[in-house]
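Colleague: Here it is, the structure in full.
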Amino acid sequence: MVELLGYIGALIIGIVLGITGGGGSILTVPILVYLLGLHPITATAYSLFIVGTTSAFGTIQNFKKNLVAPKTALQFAIPSVIGVYLTRKFIVPGIPDPLFYFASMQLSKGTFLMLLFAMVMLLAAISMLKETKEPLVVVPKNKYWVIFQLFLVGILIGLIGAGGGFLIIPALITLARLTIRKAIGTSLLIITINSLIGFLGDVQTTTIDWQFLLGFTLLSVIGIFIGLFIQKYINEKLLKKIFGYFIFAMSIFILYRELLS
């Protein structure tokens, strides 16, 4: 039953991505870890492939609507994709396990990544629930600092296996002067590049269960098309708010599970 819920979750990931244009990817790691029993390291690797592939289909749909700026996407993707690849190739395998001891307690590598993931989920929830149109992340005007910031975003994406769109979109709006809809479409292309190239770092260091991964990803892709179909018939703003509260609750659950259970 739990495994069945995990595969239903794959479909839900795609549906949410199709309806809201983002956010669903942040469910991938919790579903893989808590419902399907994968180790957090493996789950973040698989998540990069799932997120990258589903975002690619979203990008294709946005291309058809002229909501992608390819040149801008490549400019923004270069520093972040370097961060993602280096993180999956060198940093994640190099993190000691356990990370450190404190008295009789210890912090394992897997627990550290899940706690970091929970904190990012909190930021994502705040971003979804924020009523003002001002971006959650303040982007500096100095281009060299922005390049470094995008590199750090790449490291974060590599560590948690999620897309990082809520960090990339404000930079696209502020620096590239894109509209919010075009920023979302362009962000999906950046996420596709980051995630799939980051996954290449895992292919060289991790044993991949391709049958499982492709089956899970296929369900998520099917979910995208379902989400795109029903998008016309629902209140997207209300759904995004409900999903924001759900993400907030999930982050609290992960913190409780990793720290107190």
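The chains in the structure tokens are called A, B, ... from first to last as shown; in each chain the residues are counted from 1, and the ligands are counted from 1 in the order shown.
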For segment 49-54 of chain A, find every residue with an atom within 9 Å (counting only C-alpha atoms), except residues of its own chain fewer than 3 positions away, and show them as JSON, numbers by chain.
Modeller: {"A": [14, 17, 24, 25, 26, 28, 45, 46, 57, 58, 59, 161, 162, 163, 188, 189, 191, 192, 193, 194, 195, 196, 197, 198, 199, 213, 214, 216, 217, 218, 220, 221, 224]}
Colleague: For Ile147 of chain A, please output as a VMD selection string all residues within 9 Å (counting only C-alpha atoms; exclusion window: fewer than 2 positions along the same chain).
Modeller: chain A and resid 76 78 to 80 142 to 145 149 to 152
Colleague: Which distance in Å separates atom CA of Met121 of chain A and atom CA of Ala10 of chain A, to one decimal?
Modeller: 17.8 Å
Colleague: Find, counting only C-alpha atoms, the residue in A:Leu200, A:Leu260, A:Leu129, A:Met1 that gets nearest to Leu238 of chain A.
Modeller: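 Smallest separation from Leu238 of chain A among the options: A:Leu129.
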Colleague: Based on DSSP run over this structure's backbone, return all residues of segment 88-230 of chain A in strand (DSSP E), as a PyMOL selection string.
Modeller: chain A and resi 100-102+105-107
Colleague: What is the atom CA of Ala118 of chain A to atom CA of Val92 of chain A distance in Å?
Modeller: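 Pair atom CA of Ala118 of chain A / atom CA of Val92 of chain A returns 17.4 Å.
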Colleague: At most 9 Å is the cut-off: for each residue in segment 81-125 of chain A with any atom that close to an atom of segment 247-254 of chain A, write down the nearest atom pair and the distance in Å rounded to one decimal, counting only C-alpha atoms, chain first then increasing number, as JSON lines.
Modeller:
```
{"residue": "A:Met114", "atom": "CA", "partner": "A:Ile254", "partner_atom": "CA", "distance": 7.2}
{"residue": "A:Leu115", "atom": "CA", "partner": "A:Ile254", "partner_atom": "CA", "distance": 7.2}
{"residue": "A:Phe117", "atom": "CA", "partner": "A:Ser251", "partner_atom": "CA", "distance": 8.0}
{"residue": "A:Ala118", "atom": "CA", "partner": "A:Ser251", "partner_atom": "CA", "distance": 4.6}
{"residue": "A:Met119", "atom": "CA", "partner": "A:Ser251", "partner_atom": "CA", "distance": 7.0}
{"residue": "A:Val120", "atom": "CA", "partner": "A:Ser251", "partner_atom": "CA", "distance": 8.4}
{"residue": "A:Met121", "atom": "CA", "partner": "A:Ser251", "partner_atom": "CA", "distance": 5.6}
{"residue": "A:Leu122", "atom": "CA", "partner": "A:Phe248", "partner_atom": "CA", "distance": 5.6}
{"residue": "A:Leu123", "atom": "CA", "partner": "A:Phe248", "partner_atom": "CA", "distance": 8.7}
{"residue": "A:Ala124", "atom": "CA", "partner": "A:Ile247", "partner_atom": "CA", "distance": 7.6}
{"residue": "A:Ala125", "atom": "CA", "partner": "A:Phe248", "partner_atom": "CA", "distance": 5.3}
```
Colleague: May I have the residues within 7 Å of Ile160 of chain A as a list in words, using only C-alpha atoms and disregarding those fewer than 2 positions away in the same chain?
Modeller: Thr44, Leu113, Phe117, Leu156, Ile157, Gly158 and Ala162 of chain A
Colleague: Identify, on the basis of only C-alpha atoms, every residue whose closest approach to Val68 of chain A does not exceed 8 Å; exclude the query and any residue fewer than 6 positions from it along the same chain; express the result as a ChimeraX atom specification.
Modeller: /A:59,62,182-183,185-186,189
Colleague: Hey, can you check how far atom CA of Gln231 of chain A sits from atom CA of Ile19 of chain A?
Modeller: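 Atom CA of Ile19 of chain A lies at a distance of 5.0 Å from atom CA of Gln231 of chain A.
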Colleague: Please determine, counting only C-alpha atoms, which residue among A:Ile226, A:Ile126, A:Ile184, A:Leu36 has the shortest atom-to-atom distance to Asn66 of chain A.
Modeller: A:Ile184
Colleague: Smallest atom-to-atom distance to Ile234 of chain A: which of A:Leu178, A:Val16, A:Ile8, A:Leu159, using only C-alpha atoms?
Modeller: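 Ranked by minimum distance to Ile234 of chain A, first place goes to A:Val16.
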